[in-house]
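Below you'll find the structure, written out as structure tokens, and then a few comments.
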There are 2 protein chains.
Amino acid sequence: MTEIEARKEAASRSARLDAVFAALADPTRRAIIERLSRSEARVTEVAEPFHMSLNAVSKHIRVLEASGVVERHRKGRDHILSINTRSLDEVDGWIEWMRCYWKERLDAMERLLRAQEGP
Amino acid sequence: MTEIEARKEAASRSARLDAVFAALADPTRRAIIERLSRSEARVTEVAEPFHMSLNAVSKHIRVLEASGVVERHRKGRDHILSINTRSLDEVDGWIEWMRCYWKERLDAMERLLRAQEGP
């Protein structure tokens with residue numbers, strides 16, 4: 001990979017993280033993800049438990065599709081929604097990466113405290 | 001915990017997740033978290049690598065503080081910023097919870113495929 005390609009890849013990864021985190025920053029959209037994590041479902045099935053119009057739920061679904069978290073395919077006349085687990089893996093990867101840093105710091109602090117306590 | 005207390009707790013947990021995910025949906029704010037994950041730092045140190053005004057960086061820092069991801073304490077005349085790892089643990093917990101569901105589904109699909117392949 002050339003340097004320019006690597007920069008483009010980093011930029012598009014960053015843009016994907018922006019979109020996924022923004023998609024997750026809403027309770028209705030998280031509830032839709034929770035529903036689809038159990039099984040794929042038709043749009044009307046996903047919308048049913050929410051006390052809002054189908055149009056309002058559809059807007060949330062479109063945000064989830066644009067972020068790549070939710071995918072849509074057709075089965076006859078039905079639109080079936082499902083989770084794209086890879087998009088959330090990327091988010092999880094970022095948090096995991098941060099966690100490595102903290103863990104190092106916390107371990108270092110623990111060693112320091114133990115050293116101060118003495119034998 | 002009474003049912004009302006449990007509902008209040010769930011609502012405030014949901015509001016915290018909204019705020020943390022929204023805070024993470026920006027590349028500058030993620031870069032600030034990455035910086036603070038290595039060590040705590042003064043506001044001016046955090047702002048230094050960014051090609052933007054101190055005022056613009058301060059706005060991002062305030063969003064991070066409001067979400068609970070970043071904490072500020074004073075050391076003499078300096079304002080020191082640090083990460084509150086618990087806020088990101090909660091986000092990580094949510095993703096981990098989703099992951100359990102997918103894993104169950106993926107395992108079930110794998111068992112189904114193996115059964116179809118036969119002995």
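Labels used: A, B, ... for chains in the order of the structure tokens, numbers from 1 for residues in each chain, and numbers from 1 for ligands as shown.
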Compute the set of chain A residues within 12 Å of chain B, using only C-alpha atoms, and express it as a ChimeraX atom specification.
-> /A:10-40,67,82-106,108-109
Can you list every residue in chain B that DSSP puts in strand (DSSP E or B), as number ranges by chain?
-> B: 41-42, 70-75, 78-83
Write out the residues from the selection above, keeping N, CA, C and O atoms, as a PDB file, in the first residue's frame.
```pdb
ATOM      1  N   ALA B  41      -2.906  15.282  30.698  1.00  0.00           N
ATOM      2  CA  ALA B  41      -2.184  16.388  30.064  1.00  0.00           C
ATOM      3  C   ALA B  41      -2.909  17.704  30.303  1.00  0.00           C
ATOM      4  O   ALA B  41      -4.114  17.720  30.578  1.00  0.00           O
ATOM      5  N   ARG B  42      -2.137  18.802  30.188  1.00  0.00           N
ATOM      6  CA  ARG B  42      -2.733  20.134  30.291  1.00  0.00           C
ATOM      7  C   ARG B  42      -3.528  20.429  29.019  1.00  0.00           C
ATOM      8  O   ARG B  42      -3.231  19.879  27.956  1.00  0.00           O
ATOM      9  N   VAL B  70     -14.097  12.609  29.631  1.00  0.00           N
ATOM     10  CA  VAL B  70     -12.901  13.334  30.076  1.00  0.00           C
ATOM     11  C   VAL B  70     -13.206  14.074  31.372  1.00  0.00           C
ATOM     12  O   VAL B  70     -14.302  14.622  31.536  1.00  0.00           O
ATOM     13  N   GLU B  71     -12.240  14.036  32.295  1.00  0.00           N
ATOM     14  CA  GLU B  71     -12.374  14.756  33.566  1.00  0.00           C
ATOM     15  C   GLU B  71     -11.291  15.835  33.652  1.00  0.00           C
ATOM     16  O   GLU B  71     -10.229  15.687  33.039  1.00  0.00           O
ATOM     17  N   ARG B  72     -11.568  16.889  34.419  1.00  0.00           N
ATOM     18  CA  ARG B  72     -10.623  17.995  34.560  1.00  0.00           C
ATOM     19  C   ARG B  72     -10.368  18.226  36.042  1.00  0.00           C
ATOM     20  O   ARG B  72     -11.303  18.222  36.835  1.00  0.00           O
ATOM     21  N   HIS B  73      -9.107  18.368  36.412  1.00  0.00           N
ATOM     22  CA  HIS B  73      -8.831  18.819  37.780  1.00  0.00           C
ATOM     23  C   HIS B  73      -7.736  19.883  37.740  1.00  0.00           C
ATOM     24  O   HIS B  73      -6.995  19.985  36.749  1.00  0.00           O
ATOM     25  N   ARG B  74      -7.649  20.674  38.790  1.00  0.00           N
ATOM     26  CA  ARG B  74      -6.659  21.766  38.805  1.00  0.00           C
ATOM     27  C   ARG B  74      -5.432  21.340  39.584  1.00  0.00           C
ATOM     28  O   ARG B  74      -5.517  20.679  40.617  1.00  0.00           O
ATOM     29  N   LYS B  75      -4.277  21.718  39.043  1.00  0.00           N
ATOM     30  CA  LYS B  75      -3.014  21.491  39.740  1.00  0.00           C
ATOM     31  C   LYS B  75      -2.328  22.852  39.723  1.00  0.00           C
ATOM     32  O   LYS B  75      -1.753  23.243  38.689  1.00  0.00           O
ATOM     33  N   ASP B  78      -2.639  25.145  36.536  1.00  0.00           N
ATOM     34  CA  ASP B  78      -2.935  24.336  35.342  1.00  0.00           C
ATOM     35  C   ASP B  78      -4.257  23.577  35.456  1.00  0.00           C
ATOM     36  O   ASP B  78      -4.624  23.116  36.535  1.00  0.00           O
ATOM     37  N   HIS B  79      -4.913  23.434  34.313  1.00  0.00           N
ATOM     38  CA  HIS B  79      -6.070  22.551  34.212  1.00  0.00           C
ATOM     39  C   HIS B  79      -5.591  21.250  33.584  1.00  0.00           C
ATOM     40  O   HIS B  79      -5.110  21.243  32.458  1.00  0.00           O
ATOM     41  N   ILE B  80      -5.710  20.156  34.341  1.00  0.00           N
ATOM     42  CA  ILE B  80      -5.224  18.857  33.873  1.00  0.00           C
ATOM     43  C   ILE B  80      -6.403  18.005  33.419  1.00  0.00           C
ATOM     44  O   ILE B  80      -7.388  17.874  34.158  1.00  0.00           O
ATOM     45  N   LEU B  81      -6.288  17.452  32.222  1.00  0.00           N
ATOM     46  CA  LEU B  81      -7.350  16.594  31.682  1.00  0.00           C
ATOM     47  C   LEU B  81      -6.937  15.133  31.784  1.00  0.00           C
ATOM     48  O   LEU B  81      -5.761  14.802  31.599  1.00  0.00           O
ATOM     49  N   SER B  82      -7.913  14.283  32.062  1.00  0.00           N
ATOM     50  CA  SER B  82      -7.642  12.838  32.081  1.00  0.00           C
ATOM     51  C   SER B  82      -8.889  12.084  31.635  1.00  0.00           C
ATOM     52  O   SER B  82      -9.987  12.640  31.576  1.00  0.00           O
ATOM     53  N   ILE B  83      -8.702  10.806  31.304  1.00  0.00           N
ATOM     54  CA  ILE B  83      -9.805   9.951  30.837  1.00  0.00           C
ATOM     55  C   ILE B  83     -10.512   9.331  32.043  1.00  0.00           C
ATOM     56  O   ILE B  83      -9.867   8.931  32.993  1.00  0.00           O
TER      57      ILE B  83
END
```
Would you give me, as a ChimeraX atom specification, the residues in chain B that DSSP reads as alpha helix (DSSP H)?
-> /B:3-24,27-38,43-47,54-67,85-117
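Note that atom CA of Glu65 of chain A and atom CA of Phe50 of chain A are 18.5 Å apart.
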For atom CA of Glu45 of chain A and atom CA of Ala115 of chain B, the interatomic separation in Å (one decimal) | 29.7 Å
